[in-house]
Each structure stands twice: as C-alpha cells, then as structure tokens.
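Peer 1: I'm passing along entry-v7.pdb; it holds PDB, C-alpha atoms.
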ATOM      1  CA  MET Z  29     127.155  52.690  91.138
ATOM      2  CA  GLY Z  30     126.489  52.149  94.844
ATOM      3  CA  GLU Z  31     128.975  49.340  95.469
ATOM      4  CA  LYS Z  32     128.334  49.618  99.218
ATOM      5  CA  TYR Z  33     124.708  48.670  98.649
ATOM      6  CA  ASN Z  34     125.305  46.300  95.693
ATOM      7  CA  LEU Z  35     123.070  48.473  93.510
ATOM      8  CA  ALA Z  36     122.469  48.271  89.780
ATOM      9  CA  VAL Z  37     120.314  50.063  87.216
ATOM     10  CA  GLN Z  38     119.003  48.292  84.152
ATOM     11  CA  LYS Z  39     116.997  49.593  81.210
ATOM     12  CA  ALA Z  40     113.655  47.768  81.220
ATOM     13  CA  GLY Z  41     112.801  45.687  78.174
ATOM     14  CA  ILE Z  42     109.419  44.352  77.134
ATOM     15  CA  GLY Z  43     110.102  41.139  79.087
ATOM     16  CA  ASP Z  44     110.363  43.266  82.240
ATOM     17  CA  LEU Z  45     106.887  44.757  81.779
ATOM     18  CA  PRO Z  46     105.143  42.539  84.390
ATOM     19  CA  LEU Z  47     107.818  43.435  86.966
ATOM     20  CA  VAL Z  48     107.564  47.164  86.192
ATOM     21  CA  VAL Z  49     103.763  47.040  86.591
ATOM     22  CA  GLU Z  50     104.030  45.021  89.821
ATOM     23  CA  ILE Z  51     106.418  47.593  91.316
ATOM     24  CA  GLU Z  52     104.242  50.489  90.091
ATOM     25  CA  ASN Z  53     101.173  48.969  91.770
ATOM     26  CA  LYS Z  54     103.083  48.606  95.055
ATOM     27  CA  LEU Z  55     104.383  52.169  94.904
ATOM     28  CA  PHE Z  56     101.407  54.233  93.814
ATOM     29  CA  THR Z  57      97.634  54.286  94.026
ATOM     30  CA  GLU Z  58      95.361  55.491  91.245
ATOM     31  CA  LYS Z  59      94.875  58.708  93.231
ATOM     32  CA  GLU Z  60      98.631  59.260  93.199
ATOM     33  CA  GLY Z  61      98.743  59.006  89.413
ATOM     34  CA  ARG Z  62      99.776  55.392  88.958
ATOM     35  CA  PHE Z  63     100.762  54.500  85.371
ATOM     36  CA  GLU Z  64      98.832  51.743  83.678
ATOM     37  CA  GLU Z  65     100.438  48.782  81.923
ATOM     38  CA  LYS Z  66      99.642  50.212  78.476
ATOM     39  CA  ALA Z  67     101.578  53.404  79.294
ATOM     40  CA  TYR Z  68     104.668  51.441  80.307
ATOM     41  CA  ARG Z  69     104.316  49.162  77.288
ATOM     42  CA  TRP Z  70     104.298  52.221  75.012
ATOM     43  CA  LEU Z  71     107.326  53.791  76.729
ATOM     44  CA  ILE Z  72     109.326  50.549  76.523
ATOM     45  CA  GLU Z  73     108.361  49.735  72.925
ATOM     46  CA  ASN Z  74     108.696  53.312  71.572
ATOM     47  CA  PRO Z  75     111.769  54.846  73.179
ATOM     48  CA  ARG Z  76     112.742  56.874  70.078
ATOM     49  CA  ASP Z  77     116.241  57.971  69.307
ATOM     50  CA  VAL Z  78     117.170  61.484  70.472
ATOM     51  CA  ARG Z  79     120.142  61.933  68.165
ATOM     52  CA  ALA Z  80     117.859  64.131  66.031
ATOM     53  CA  TYR Z  81     117.919  66.631  68.917
ATOM     54  CA  LEU Z  82     121.730  66.737  69.138
ATOM     55  CA  SER Z  83     123.992  68.893  67.000
ATOM     56  CA  ASP Z  84     127.497  67.747  66.080
ATOM     57  CA  ASP Z  85     128.815  70.317  68.572
ATOM     58  CA  ASP Z  86     126.662  68.807  71.346
ATOM     59  CA  ILE Z  87     127.937  65.335  70.546
ATOM     60  CA  LYS Z  88     131.537  66.554  70.866
ATOM     61  CA  LYS Z  89     130.904  68.812  73.874
ATOM     62  CA  TYR Z  90     129.219  66.128  75.960
ATOM     63  CA  ASP Z  91     131.359  63.291  74.591
ATOM     64  CA  ILE Z  92     128.331  61.313  73.420
ATOM     65  CA  ASP Z  93     128.994  58.055  71.609
ATOM     66  CA  VAL Z  94     126.542  58.206  68.698
ATOM     67  CA  ASP Z  95     126.883  54.463  68.198
ATOM     68  CA  GLU Z  96     125.322  53.920  71.616
ATOM     69  CA  GLU Z  97     121.549  53.800  71.920
ATOM     70  CA  ILE Z  98     120.477  57.246  73.105
ATOM     71  CA  LEU Z  99     116.843  57.348  74.123
ATOM     72  CA  ASN Z 100     114.253  59.982  74.695
ATOM     73  CA  ALA Z 101     112.191  57.637  76.846
ATOM     74  CA  CYS Z 102     113.639  55.089  79.206
ATOM     75  CA  VAL Z 103     112.128  52.966  81.948
ATOM     76  CA  MET Z 104     114.790  51.934  84.452
ATOM     77  CA  LEU Z 105     114.688  49.127  86.979
ATOM     78  CA  TYR Z 106     116.652  49.438  90.218
ATOM     79  CA  TYR Z 107     118.175  46.382  91.862
ATOM     80  CA  GLN Z 108     119.885  45.647  95.140
ATOM     81  CA  GLY Z 109     121.786  42.497  94.334
ATOM     82  CA  GLU Z 110     119.297  40.296  92.476
ATOM     83  CA  THR Z 111     116.252  41.946  94.105
ATOM     84  CA  PRO Z 112     114.252  44.550  92.176
ATOM     85  CA  ILE Z 113     113.612  47.450  94.559
ATOM     86  CA  GLY Z 114     112.196  50.218  92.396
ATOM     87  CA  HIS Z 115     111.910  51.888  89.033
ATOM     88  CA  GLY Z 116     112.044  55.236  87.296
ATOM     89  CA  THR Z 117     111.022  56.745  83.978
ATOM     90  CA  ILE Z 118     112.795  59.555  82.160
ATOM     91  CA  ILE Z 119     111.958  61.361  78.926
ATOM     92  CA  VAL Z 120     113.872  63.895  76.826
ATOM     93  CA  SER Z 121     111.975  66.236  74.524
ATOM     94  CA  LYS Z 122     112.148  69.776  73.189
ATOM     95  CA  ASP Z 123     110.419  72.467  75.189
ATOM     96  CA  PRO Z 124     108.530  75.368  73.531
ATOM     97  CA  GLU Z 125     111.776  77.396  73.398
ATOM     98  CA  GLY Z 126     113.572  74.597  71.530
ATOM     99  CA  LYS Z 127     115.691  73.532  74.531
ATOM    100  CA  ARG Z 128     116.224  69.858  75.277
ATOM    101  CA  ALA Z 129     114.224  69.224  78.417
ATOM    102  CA  GLY Z 130     114.667  66.207  80.645
ATOM    103  CA  ARG Z 131     111.688  64.995  82.550
ATOM    104  CA  ILE Z 132     111.527  62.590  85.430
ATOM    105  CA  TYR Z 133     108.090  61.058  85.035
ATOM    106  CA  SER Z 134     108.401  58.624  87.848
ATOM    107  CA  ILE Z 135     110.799  57.431  90.518
ATOM    108  CA  GLY Z 136     109.967  55.021  93.269
ATOM    109  CA  ILE Z 137     111.703  52.775  95.764
ATOM    110  CA  LEU Z 138     109.756  50.015  97.505
ATOM    111  CA  LYS Z 139     108.907  50.997 101.080
ATOM    112  CA  GLU Z 140     111.148  48.412 102.743
ATOM    113  CA  TYR Z 141     114.232  49.818 100.925
ATOM    114  CA  ARG Z 142     113.661  53.513 101.627
ATOM    115  CA  ARG Z 143     115.635  55.775 103.951
ATOM    116  CA  ASN Z 144     119.058  54.426 102.938
ATOM    117  CA  PHE Z 145     119.863  57.168 100.407
ATOM    118  CA  LEU Z 146     118.881  54.771  97.627
ATOM    119  CA  GLY Z 147     116.421  57.270  96.157
ATOM    120  CA  SER Z 148     119.197  59.839  96.027
ATOM    121  CA  LEU Z 149     121.554  57.400  94.313
ATOM    122  CA  PHE Z 150     118.953  56.481  91.708
ATOM    123  CA  MET Z 151     117.984  60.133  91.233
ATOM    124  CA  SER Z 152     121.655  60.834  90.429
ATOM    125  CA  LYS Z 153     121.639  58.044  87.855
ATOM    126  CA  MET Z 154     118.516  59.458  86.199
ATOM    127  CA  GLU Z 155     119.969  62.983  86.112
ATOM    128  CA  GLN Z 156     123.203  61.605  84.629
ATOM    129  CA  ALA Z 157     121.278  59.769  81.902
ATOM    130  CA  LEU Z 158     119.342  62.940  81.060
ATOM    131  CA  PHE Z 159     122.549  64.987  80.995
ATOM    132  CA  LEU Z 160     124.213  62.499  78.656
ATOM    133  CA  ALA Z 161     121.140  62.619  76.417
ATOM    134  CA  GLY Z 162     121.701  66.359  76.089
ATOM    135  CA  ALA Z 163     118.968  67.662  78.395
ATOM    136  CA  GLU Z 164     119.654  71.222  79.524
ATOM    137  CA  TYR Z 165     117.445  70.897  82.581
ATOM    138  CA  VAL Z 166     115.279  68.412  84.456
ATOM    139  CA  ALA Z 167     111.627  69.034  85.282
ATOM    140  CA  LEU Z 168     109.271  66.984  87.409
ATOM    141  CA  GLU Z 169     106.043  67.174  89.340
ATOM    142  CA  THR Z 170     105.452  65.836  92.812
ATOM    143  CA  HIS Z 171     102.591  65.808  95.259
ATOM    144  CA  ALA Z 172     102.450  69.165  97.049
ATOM    145  CA  SER Z 173     101.862  67.427 100.389
ATOM    146  CA  TYR Z 174     105.145  65.460 100.187
ATOM    147  CA  ASP Z 175     107.119  68.105 102.089
ATOM    148  CA  TRP Z 176     110.001  65.727 102.854
ATOM    149  CA  TRP Z 177     110.453  64.944  99.127
ATOM    150  CA  VAL Z 178     110.216  68.600  98.060
ATOM    151  CA  LYS Z 179     112.885  69.509 100.660
ATOM    152  CA  SER Z 180     115.092  66.642  99.483
ATOM    153  CA  LEU Z 181     114.800  67.816  95.873
ATOM    154  CA  GLU Z 182     115.586  71.398  96.873
ATOM    155  CA  LYS Z 183     118.801  70.145  98.516
ATOM    156  CA  ARG Z 184     119.669  68.561  95.138
ATOM    157  CA  GLY Z 185     119.307  71.941  93.400
ATOM    158  CA  TYR Z 186     115.669  71.781  92.274
ATOM    159  CA  LYS Z 187     113.500  74.879  92.546
ATOM    160  CA  VAL Z 188     109.714  75.027  92.780
ATOM    161  CA  THR Z 189     108.465  76.777  89.638
ATOM    162  CA  ASP Z 190     104.691  76.414  89.885
ATOM    163  CA  THR Z 191     101.782  74.755  91.661
ATOM    164  CA  ILE Z 192      99.185  72.804  89.705
ATOM    165  CA  GLU Z 193      95.814  72.585  91.428
ATOM    166  CA  ASP Z 194      94.067  69.203  91.424
ATOM    167  CA  TYR Z 195      96.890  67.544  89.440
ATOM    168  CA  TYR Z 196      96.354  64.359  91.415
ATOM    169  CA  ALA Z 197      92.971  62.947  92.370
ATOM    170  CA  ASP Z 198      93.797  63.684  96.011
ATOM    171  CA  GLY Z 199      95.593  67.010  95.763
ATOM    172  CA  ASP Z 200      97.858  69.543  94.129
ATOM    173  CA  ALA Z 201     101.301  69.110  92.608
ATOM    174  CA  VAL Z 202     104.349  71.323  92.604
ATOM    175  CA  LYS Z 203     106.428  71.645  89.456
ATOM    176  CA  MET Z 204     110.172  71.649  90.058
ATOM    177  CA  ARG Z 205     113.187  72.256  87.844
ATOM    178  CA  LYS Z 206     116.960  71.849  87.999
ATOM    179  CA  ASP Z 207     119.463  73.159  85.452
ATOM    180  CA  LEU Z 208     121.972  70.535  84.359
ATOM    181  CA  HIS Z 209     124.404  72.673  82.384
ATOM    182  CA  GLY Z 210     124.566  75.764  84.563
TER     183      GLY Z 210
END
Can you give me the file's structure in the form of structure tokens?
Peer 2:
Amino acid sequence: MGEKYNLAVQKAGIGDLPLVVEIENKLFTEKEGRFEEKAYRWLIENPRDVRAYLSDDDIKKYDIDVDEEILNACVMLYYQGETPIGHGTIIVSKDPEGKRAGRIYSIGILKEYRRNFLGSLFMSKMEQALFLAGAEYVALETHASYDWWVKSLEKRGYKVTDTIEDYYADGDAVKMRKDLHG
C-alpha cells in the first residue's frame, strides 16, 4: 500500500497503547471527542472475533480465510517509513436490521503529514478491512463544521444521512454512510 510514500498499516497491540494515546492527544481535543486511554485499551484487548456474523456463503463469496484473525474492533497505526503518522479505529457489528455494519470510529493523520492524499489512502485501507470482515456498509460521524472533510467523503461515495445536534462539546455532527456491496 502506498509504495510511493513508503506507507504501512499495522494493527495496534497492547504494547502500542502509549503511542496510540499520544497520537490521539495530538489529533483531537476533549471537545472534539478525544478517546481516553481506557477506551483504546478496551478496544485493543477485546477485539472479538466476527466469524459468528459470517455465514458459510459469506466466507466463500468474499473469499475470507477463516484461519486468519477477523476482528470486529481494530485499532490501526499508520506509518510513513518508521515514523508513526496517524491512527484509525474500525468496528463491525450488527445493525438493528441484522446487517453487518462497519463503523469508522476514528481516523486521524498528524497535521504535518496531511494534504498528501494519505488520509484517502488510509481510508481505503479501513474500508477494505471492513469489506473483508463482511460489513455491508460503512457509517461514521464527523463534525458538521468540517466542510472540507464532508466534501471529501462525499467524493468517496458517502452520503449524509442525518445531523446530530450537540454531538460534540463544540458543535453538531453529521452521520454519513457508504454501501460497500452495492
């Protein structure tokens, strides 16, 4: 992935927790909904296996290797060479209709590495991971005032589905969704 930029994605383990928290604190303020260390610790230590959500037909259809670790929660670290430059968190669960829903909880690239399409490359990696885990669609929330990010997501096929008032301490959020199997 991203050979031109020497990019890599790595699943975060418990030993990476201090790095994940350090990046989170650089990326987000409490008002922006920053995750606390205990939330990341839980996500890393309790990823849960999503094979229970997959039928035999799904496994064949999406060519999923059931011997591989398939997660419903994954914290990813993004690297450029040896340098950590961001992180993201994805979760797969069942929605109220019984569909497998992918959720991007968090994605962030450190300020000095932005504007080089790195966010787009990492977003693709997260969507791919959710697709391979059997998610039928991806949902996320973002700050309603981040017009540039909403427009970028719309170009990727996301649609605004709702607005949530006072979701963040400093403003509203928009809910967005993209179908993965359509």
Peer 1: Go through the shown structure with the PyMOL selection byres ((chain Z and resi 199) around 10) and write out the matching residues as a PyMOL selection string.
Peer 2: chain Z and resi 59-60+171-173+192-198+200-201
Peer 1: Can I get the selection written as a compact mmCIF listing (two decimals), keeping the file's coordinate frame, with C-alpha atoms?
Peer 2:
# COMPACT_ATOMS: atom_id res chain seq x y z
CA LYS Z 59 94.88 58.71 93.23
CA GLU Z 60 98.63 59.26 93.20
CA HIS Z 171 102.59 65.81 95.26
CA ALA Z 172 102.45 69.17 97.05
CA SER Z 173 101.86 67.43 100.39
CA ILE Z 192 99.18 72.80 89.70
CA GLU Z 193 95.81 72.58 91.43
CA ASP Z 194 94.07 69.20 91.42
CA TYR Z 195 96.89 67.54 89.44
CA TYR Z 196 96.35 64.36 91.42
CA ALA Z 197 92.97 62.95 92.37
CA ASP Z 198 93.80 63.68 96.01
CA ASP Z 200 97.86 69.54 94.13
CA ALA Z 201 101.30 69.11 92.61
Peer 1: Could you state the separation of CA of Arg205 in chain Z and CA of Gly185 in chain Z in Å, given to one decimal place?
Peer 2: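 Distance between the two atoms: 8.3 Å.
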Peer 1: Tell me which protein, DNA and RNA residues are within 6 Å of range 100-113 of chain Z, counting all atoms listed in the file, leaving out same-chain ones fewer than 3 positions away, and put them as a list in words.
Peer 2: Asn34, Leu35, Ala36, Val37, Gln38, Lys39, Ala40, Pro75, Arg76, Val78, Gly116, Thr117, Ile118, Ile119, Val120, Ile137 and Leu138 of chain Z
Peer 1: Which residues, named as in the file, does the PyMOL selection byres ((chain Z and resi 143-160) around 8) pick out? Answer as JSON, numbers by chain.
Peer 2: {"Z": [29, 30, 37, 90, 92, 106, 116, 118, 119, 120, 130, 132, 135, 136, 137, 141, 142, 161, 162, 163, 164, 165, 166, 208]}
Peer 1: Can you write out the residues you just picked, keeping C-alpha atoms, as a PDB file, in the coordinates of the input?
Peer 2:
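Here's the written file out_27.pdb:
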ATOM      1  CA  MET Z  29     127.155  52.690  91.138  1.00  0.00           C
ATOM      2  CA  GLY Z  30     126.489  52.149  94.844  1.00  0.00           C
ATOM      3  CA  VAL Z  37     120.314  50.063  87.216  1.00  0.00           C
ATOM      4  CA  TYR Z  90     129.219  66.128  75.960  1.00  0.00           C
ATOM      5  CA  ILE Z  92     128.331  61.313  73.420  1.00  0.00           C
ATOM      6  CA  TYR Z 106     116.652  49.438  90.218  1.00  0.00           C
ATOM      7  CA  GLY Z 116     112.044  55.236  87.296  1.00  0.00           C
ATOM      8  CA  ILE Z 118     112.795  59.555  82.160  1.00  0.00           C
ATOM      9  CA  ILE Z 119     111.958  61.361  78.926  1.00  0.00           C
ATOM     10  CA  VAL Z 120     113.872  63.895  76.826  1.00  0.00           C
ATOM     11  CA  GLY Z 130     114.667  66.207  80.645  1.00  0.00           C
ATOM     12  CA  ILE Z 132     111.527  62.590  85.430  1.00  0.00           C
ATOM     13  CA  ILE Z 135     110.799  57.431  90.518  1.00  0.00           C
ATOM     14  CA  GLY Z 136     109.967  55.021  93.269  1.00  0.00           C
ATOM     15  CA  ILE Z 137     111.703  52.775  95.764  1.00  0.00           C
ATOM     16  CA  TYR Z 141     114.232  49.818 100.925  1.00  0.00           C
ATOM     17  CA  ARG Z 142     113.661  53.513 101.627  1.00  0.00           C
ATOM     18  CA  ALA Z 161     121.140  62.619  76.417  1.00  0.00           C
ATOM     19  CA  GLY Z 162     121.701  66.359  76.089  1.00  0.00           C
ATOM     20  CA  ALA Z 163     118.968  67.662  78.395  1.00  0.00           C
ATOM     21  CA  GLU Z 164     119.654  71.222  79.524  1.00  0.00           C
ATOM     22  CA  TYR Z 165     117.445  70.897  82.581  1.00  0.00           C
ATOM     23  CA  VAL Z 166     115.279  68.412  84.456  1.00  0.00           C
ATOM     24  CA  LEU Z 208     121.972  70.535  84.359  1.00  0.00           C
TER      25      LEU Z 208
END
Peer 1: Please, what distance in Å, to one decimal, runs between CA of Lys127 in chain Z and CA of Leu181 in chain Z?
Peer 2: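 These atoms are spaced 22.1 Å apart.
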Peer 1: Would you mind reading off the distance between CA of Ile51 in chain Z and CA of Phe63 in chain Z, one decimal, in Å?
Peer 2: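 Interatomic distance, CA of Ile51 in chain Z to CA of Phe63 in chain Z: 10.7 Å.
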Peer 1: Measuring between only C-alpha atoms, which one of Z:Thr191, Z:Ser134, Z:Thr170, Z:Ser180 shows the shortest distance to Arg62 in chain Z?
Peer 2: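 Between Z:Thr191, Z:Ser134, Z:Thr170, Z:Ser180, the residue approaching Arg62 in chain Z most closely is Z:Ser134.
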Peer 1: From the list Z:Met204, Z:Lys139, Z:Val188, Z:Ala167, which residue is nearest Ser121 in chain Z when using all atoms listed in the file?
Peer 2: Z:Ala167
